[in-house]
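Visitor: Sharing input_33.txt below, compact mmCIF, C-alpha atoms:
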# COMPACT_ATOMS: atom_id res chain seq x y z
CA GLU A 486 -60.12 129.83 106.27
CA ALA A 487 -59.86 127.62 103.19
CA ALA A 488 -59.88 124.51 105.36
CA ALA A 489 -62.99 125.74 107.19
CA VAL A 490 -64.76 126.28 103.86
CA ALA A 491 -63.81 122.78 102.73
CA PHE A 492 -65.09 121.13 105.90
CA ALA A 493 -68.26 123.20 105.80
CA GLY A 494 -68.76 121.97 102.25
CA ALA A 495 -68.43 118.39 103.40
CA LEU A 496 -71.08 118.99 106.04
CA ALA A 497 -73.42 120.49 103.48
CA LEU A 498 -73.28 117.15 101.69
CA ASP A 499 -73.52 115.06 104.87
CA PRO A 500 -74.56 116.87 108.09
CA GLY A 501 -74.04 113.66 110.05
CA PHE A 502 -70.34 113.37 109.17
CA ALA A 503 -68.68 113.41 112.61
CA ASP A 504 -65.14 113.77 111.25
CA ALA A 505 -66.11 116.88 109.29
CA HIS A 506 -67.70 118.45 112.38
CA SER A 507 -64.57 117.65 114.37
CA ASN A 508 -62.18 118.99 111.73
CA LEU A 509 -64.23 122.13 111.24
CA GLY A 510 -64.41 122.65 115.00
CA ALA A 511 -60.64 122.26 115.35
CA THR A 512 -60.07 124.69 112.48
CA LEU A 513 -62.46 127.27 113.94
CA LEU A 514 -60.78 126.90 117.33
CA ALA A 515 -57.39 127.62 115.73
CA LEU A 516 -58.94 130.70 114.10
CA GLY A 517 -60.15 131.95 117.47
CA ARG A 518 -63.83 131.36 116.72
CA VAL A 519 -64.36 129.45 119.95
CA ASP A 520 -68.16 129.58 120.16
CA ASP A 521 -68.54 128.28 116.60
CA ALA A 522 -65.94 125.62 117.32
CA VAL A 523 -67.88 124.38 120.35
CA GLU A 524 -71.03 124.03 118.29
CA HIS A 525 -69.38 121.73 115.75
CA LEU A 526 -67.33 119.77 118.29
CA GLU A 527 -70.46 119.09 120.34
CA SER A 528 -72.10 117.82 117.15
CA ALA A 529 -69.11 115.56 116.51
CA VAL A 530 -69.27 113.86 119.92
CA ARG A 531 -73.04 113.66 119.79
CA ILE A 532 -72.81 111.75 116.48
CA ASN A 533 -69.82 109.69 117.64
CA PRO A 534 -69.61 109.38 121.46
CA ASN A 535 -66.28 107.53 121.19
CA PHE A 536 -64.27 110.24 119.42
CA PRO A 537 -61.26 111.18 121.58
CA GLU A 538 -59.88 113.84 119.22
CA ALA A 539 -63.19 115.69 119.19
CA TYR A 540 -63.50 115.49 122.98
CA MET A 541 -59.94 116.82 123.32
CA ASN A 542 -60.65 119.82 121.10
CA LEU A 543 -64.02 120.40 122.76
CA GLY A 544 -62.32 120.40 126.16
CA ASN A 545 -59.76 122.94 124.95
CA ALA A 546 -62.51 125.15 123.56
CA MET A 547 -64.52 124.99 126.78
CA LYS A 548 -61.40 125.76 128.79
CA ASP A 549 -60.89 128.85 126.62
CA GLN A 550 -64.45 129.85 127.55
CA GLY A 551 -63.69 129.41 131.25
CA ARG A 552 -65.99 126.38 131.49
CA TYR A 553 -63.49 124.32 133.48
CA GLU A 554 -65.83 121.69 134.90
CA GLU A 555 -67.26 120.91 131.46
CA ALA A 556 -63.76 120.91 129.99
CA ALA A 557 -62.68 118.44 132.68
CA ARG A 558 -65.51 116.11 131.72
CA CYS A 559 -64.36 116.21 128.10
CA PHE A 560 -60.76 115.42 128.99
CA ALA A 561 -61.93 112.68 131.38
CA LYS A 562 -63.80 111.13 128.46
CA VAL A 563 -60.57 111.14 126.42
CA VAL A 564 -58.75 109.42 129.28
CA ALA A 565 -61.55 106.86 129.58
CA LEU A 566 -61.33 106.11 125.85
CA ASN A 567 -57.53 106.00 125.81
CA PRO A 568 -55.70 106.29 129.15
CA ASP A 569 -52.32 106.48 127.41
CA ILE A 570 -52.91 109.90 125.80
CA VAL A 571 -50.47 111.95 127.86
CA GLU A 572 -51.80 115.33 126.76
CA ALA A 573 -55.27 114.37 127.97
CA HIS A 574 -53.95 113.86 131.51
CA VAL A 575 -52.17 117.23 131.43
CA ASN A 576 -55.25 118.97 130.07
CA LEU A 577 -57.47 117.22 132.60
CA GLY A 578 -55.11 118.31 135.37
CA ASN A 579 -55.29 121.91 134.17
CA ALA A 580 -59.09 121.84 133.96
CA LEU A 581 -59.44 120.27 137.40
CA LYS A 582 -57.13 122.87 138.86
CA GLY A 583 -59.18 125.60 137.18
CA SER A 584 -62.38 124.13 138.61
CA GLY A 585 -60.99 124.08 142.15
CA ASP A 586 -59.89 120.45 142.45
CA PRO A 587 -56.11 120.55 143.10
CA ASP A 588 -56.03 116.96 144.38
CA GLY A 589 -57.55 115.66 141.16
CA ALA A 590 -55.19 117.83 139.15
CA GLN A 591 -52.21 116.37 141.01
CA LEU A 592 -53.25 112.80 140.19
CA HIS A 593 -53.38 113.51 136.47
CA TYR A 594 -50.14 115.51 136.35
CA GLU A 595 -48.46 112.59 138.11
CA GLN A 596 -49.97 110.12 135.64
CA ALA A 597 -48.72 112.22 132.73
CA ILE A 598 -45.22 112.11 134.22
CA ARG A 599 -45.42 108.34 134.64
CA LEU A 600 -46.38 108.00 130.99
CA ARG A 601 -43.75 110.48 129.75
CA PRO A 602 -41.10 111.17 132.41
CA GLN A 603 -39.43 114.01 130.49
CA LEU A 604 -42.61 116.01 129.85
CA ARG A 605 -41.66 119.44 131.14
CA GLU A 606 -45.21 120.84 131.08
CA ALA A 607 -46.49 118.18 133.46
CA HIS A 608 -43.53 118.63 135.83
CA THR A 609 -43.88 122.40 135.81
CA ASN A 610 -47.63 122.35 136.36
CA LEU A 611 -47.29 119.84 139.19
CA ALA A 612 -44.50 121.79 140.87
CA LEU A 613 -46.45 125.03 140.57
CA LEU A 614 -49.50 123.30 142.03
CA HIS A 615 -47.43 122.16 145.02
CA ALA A 616 -45.93 125.63 145.45
CA GLU A 617 -49.35 127.27 145.37
CA GLN A 618 -50.36 124.90 148.18
CA ASP A 619 -47.21 125.88 150.14
CA ARG A 620 -45.75 122.40 149.59
CA PHE A 621 -42.35 123.72 148.58
CA ASP A 622 -40.46 120.54 149.45
CA GLN A 623 -42.66 118.57 147.06
CA ALA A 624 -42.22 121.23 144.37
CA ARG A 625 -38.46 120.89 144.79
CA ASP A 626 -38.70 117.11 144.45
CA VAL A 627 -40.68 117.44 141.20
CA PHE A 628 -38.07 119.74 139.69
CA GLN A 629 -35.28 117.48 140.91
CA GLY A 630 -36.97 114.54 139.21
CA LEU A 631 -37.14 116.43 135.94
CA PHE A 632 -33.51 117.48 136.16
CA GLU A 633 -32.45 113.91 136.85
CA VAL A 634 -34.36 112.29 133.98
CA THR A 635 -33.16 115.03 131.62
CA TYR A 636 -29.55 115.58 132.66
CA GLY A 637 -28.74 112.85 135.16
CA ASN A 638 -28.49 112.74 138.92
CA GLU A 639 -24.96 114.18 138.95
CA TYR A 640 -26.02 117.36 137.16
CA TRP A 641 -28.68 118.13 139.74
CA HIS A 642 -26.27 117.78 142.63
CA SER A 643 -23.62 119.85 140.84
CA THR A 644 -25.88 122.92 140.78
CA THR A 645 -26.81 125.28 143.59
CA PHE A 646 -30.47 125.10 142.62
CA THR A 647 -32.57 125.69 145.73
CA LEU A 648 -36.13 125.71 146.92
CA PRO A 649 -37.28 126.63 150.42
CA GLN A 650 -37.60 123.75 152.81
CA ALA A 651 -41.13 123.19 154.05
CA SER A 652 -41.72 125.13 157.24
CA GLU A 653 -45.05 126.23 158.66
CA SER A 654 -43.28 129.00 160.55
CA ALA A 655 -41.21 130.30 157.64
CA PRO A 656 -41.93 134.00 157.11
CA ILE A 657 -43.33 135.12 153.78
CA GLU A 658 -40.21 137.15 152.97
CA THR A 659 -38.00 134.07 153.40
CA THR A 660 -40.21 132.18 150.97
CA ARG A 661 -40.23 135.12 148.55
CA PHE A 662 -36.44 135.43 148.49
CA ALA A 663 -35.98 131.67 148.14
CA LEU A 664 -38.31 131.60 145.13
CA ILE A 665 -36.63 134.61 143.55
CA ASP A 666 -33.26 132.91 144.05
CA SER A 667 -34.56 129.75 142.39
CA ALA A 668 -35.98 131.65 139.40
CA GLU A 669 -32.80 133.65 138.97
CA HIS A 670 -30.69 130.50 139.19
CA ILE A 671 -32.64 128.81 136.41
CA GLU A 672 -32.40 131.97 134.31
CA HIS A 673 -28.65 132.11 134.91
CA LEU A 674 -28.22 128.50 133.75
CA LEU A 675 -30.39 129.24 130.72
CA GLY A 676 -28.21 132.25 129.91
CA GLN A 677 -25.12 130.05 130.04
CA GLY A 678 -26.71 127.55 127.70
CA LYS A 679 -26.62 124.83 130.35
CA LEU A 680 -30.37 124.23 130.30
CA ASP A 681 -32.85 123.50 127.55
CA ALA A 682 -34.86 126.62 126.63
CA SER A 683 -38.06 124.90 127.78
CA PHE A 684 -36.85 125.31 131.37
CA ALA A 685 -37.75 128.98 131.04
CA GLN A 686 -41.30 127.89 131.89
CA MET A 687 -40.06 126.79 135.29
CA ALA A 688 -38.65 130.21 136.06
CA GLY A 689 -41.97 131.66 134.97
CA ALA A 690 -43.77 129.28 137.30
CA TYR A 691 -41.72 130.50 140.25
CA ARG A 692 -42.35 134.12 139.37
CA SER A 693 -46.08 133.41 139.14
CA VAL A 694 -46.01 132.11 142.72
CA ILE A 695 -44.00 135.14 143.84
CA GLU A 696 -46.66 137.46 142.43
CA GLU A 697 -49.35 135.63 144.41
CA LEU A 698 -47.56 135.90 147.76
CA PRO A 699 -49.04 138.49 150.14
CA GLU A 700 -47.05 141.66 150.71
Please render this file's structure as structure tokens.
Guide:
Amino acid sequence: EAAAVAFAGALALDPGFADAHSNLGATLLALGRVDDAVEHLESAVRINPNFPEAYMNLGNAMKDQGRYEEAARCFAKVVALNPDIVEAHVNLGNALKGSGDPDGAQLHYEQAIRLRPQLREAHTNLALLHAEQDRFDQARDVFQGLFEVTYGNEYWHSTTFTLPQASESAPIETTRFALIDSAEHIEHLLGQGKLDASFAQMAGAYRSVIEELPE
């Protein structure tokens, strides 16, 4: 709250101070005052159209409001201003997925992985995207890639980690049990301390897919 008061004070002295609008917007967003945050972040990018940090925060705020297409445009602006900001590609992927563009989301998750090969969030989101599209072989390949860059090729092949092979005729129950087995295997390795705690998100991703499968 103190930071918000300070930035508001700066704006009282200079309403055209883009940095103060951006900082106040980011602070309000962190405080959960999303609508107020949007107002100041929109002012920031209106004053300075080449302000990637403000566009990033504005995109996050709009995503919180469920305005995925507008959020995607904000993140796309960040990427246009600086294509090497990895988080912008992940956020753009999430927004595109939310707006119903899985192909666009895939492109940006893949770009995030190219920029930072060990970024678990991008791998997990991409694998979950593949799984939701019934592309289980591609989901498996994404997870294998993450295991290999993190632990080495030998570690992957020394585990019994499984994903269902792609099969148009595979019954739903086979897919369900395969996903449950995969989630439980990750959780087992986590329990043994053999995996980084961040891999828990992967197990969660599998369980999210399981919940979406028809009965």
Visitor: Mind pulling up the distance from atom CA of Arg518 of chain A to atom CA of Pro534 of chain A?
Guide: 23.2 Å
Visitor: Between atom CA of Glu572 of chain A and atom CA of Arg558 of chain A, what distance in Å does the model show, to one decimal?
Guide: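 Those two atoms sit 14.6 Å apart.
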Visitor: So which residues fall inside 12 Å of (-61.5, 133.8, 124.1) if we count only C-alpha atoms? Mind giving them as a tab-separated table (two decimals) with C-alpha atoms, keeping the file's coordinate frame?
Guide:
chain	number	residue	atom	x	y	z
A	514	LEU	CA	-60.78	126.90	117.33
A	515	ALA	CA	-57.39	127.62	115.73
A	516	LEU	CA	-58.94	130.70	114.10
A	517	GLY	CA	-60.15	131.95	117.47
A	518	ARG	CA	-63.83	131.36	116.72
A	519	VAL	CA	-64.36	129.45	119.95
A	520	ASP	CA	-68.16	129.58	120.16
A	521	ASP	CA	-68.54	128.28	116.60
A	522	ALA	CA	-65.94	125.62	117.32
A	523	VAL	CA	-67.88	124.38	120.35
A	545	ASN	CA	-59.76	122.94	124.95
A	546	ALA	CA	-62.51	125.15	123.56
A	547	MET	CA	-64.52	124.99	126.78
A	548	LYS	CA	-61.40	125.76	128.79
A	549	ASP	CA	-60.89	128.85	126.62
A	550	GLN	CA	-64.45	129.85	127.55
A	551	GLY	CA	-63.69	129.41	131.25
A	552	ARG	CA	-65.99	126.38	131.49
Visitor: I'd like the neighbourhood of Ala529 of chain A as JSON, numbers by chain, where a residue qualifies if any of its atoms comes within 9 Å (using all atoms listed in the file), though same-chain residues fewer than 3 positions away should be ignored.
Guide: {"A": [501, 502, 503, 504, 505, 506, 507, 510, 524, 525, 526, 532, 533, 534, 536, 539, 540]}
Visitor: Segment 598-615 of chain A: which residues within 10 Å, counting all atoms listed in the file, same-chain residues fewer than 4 positions away excluded, as a PyMOL selection string?
Guide: chain A and resi 568-572+574-576+578-579+582+587-588+590-594+619-635+683-684+686-691+693-694
Visitor: Could you tell me how far atom CA of Leu566 of chain A sits from atom CA of Asn535 of chain A, in Å to one decimal place?
Guide: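 Atom-to-atom, atom CA of Asn535 of chain A and atom CA of Leu566 of chain A are spaced 6.9 Å apart.
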Visitor: Give the answer as one residue: which of A:Pro500, A:Ala685, A:Gln596, A:Glu527 has the shortest atom-to-atom distance to Val564 of chain A, using all atoms listed in the file?
Guide: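 When distances to Val564 of chain A are compared using all atoms listed in the file, the smallest one comes from A:Gln596.
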Visitor: Between A:Gln677, A:Gln618, A:Ser584, A:Asn508, which one has atoms that come closest to Ser528 of chain A, using only C-alpha atoms?
Guide: A:Asn508
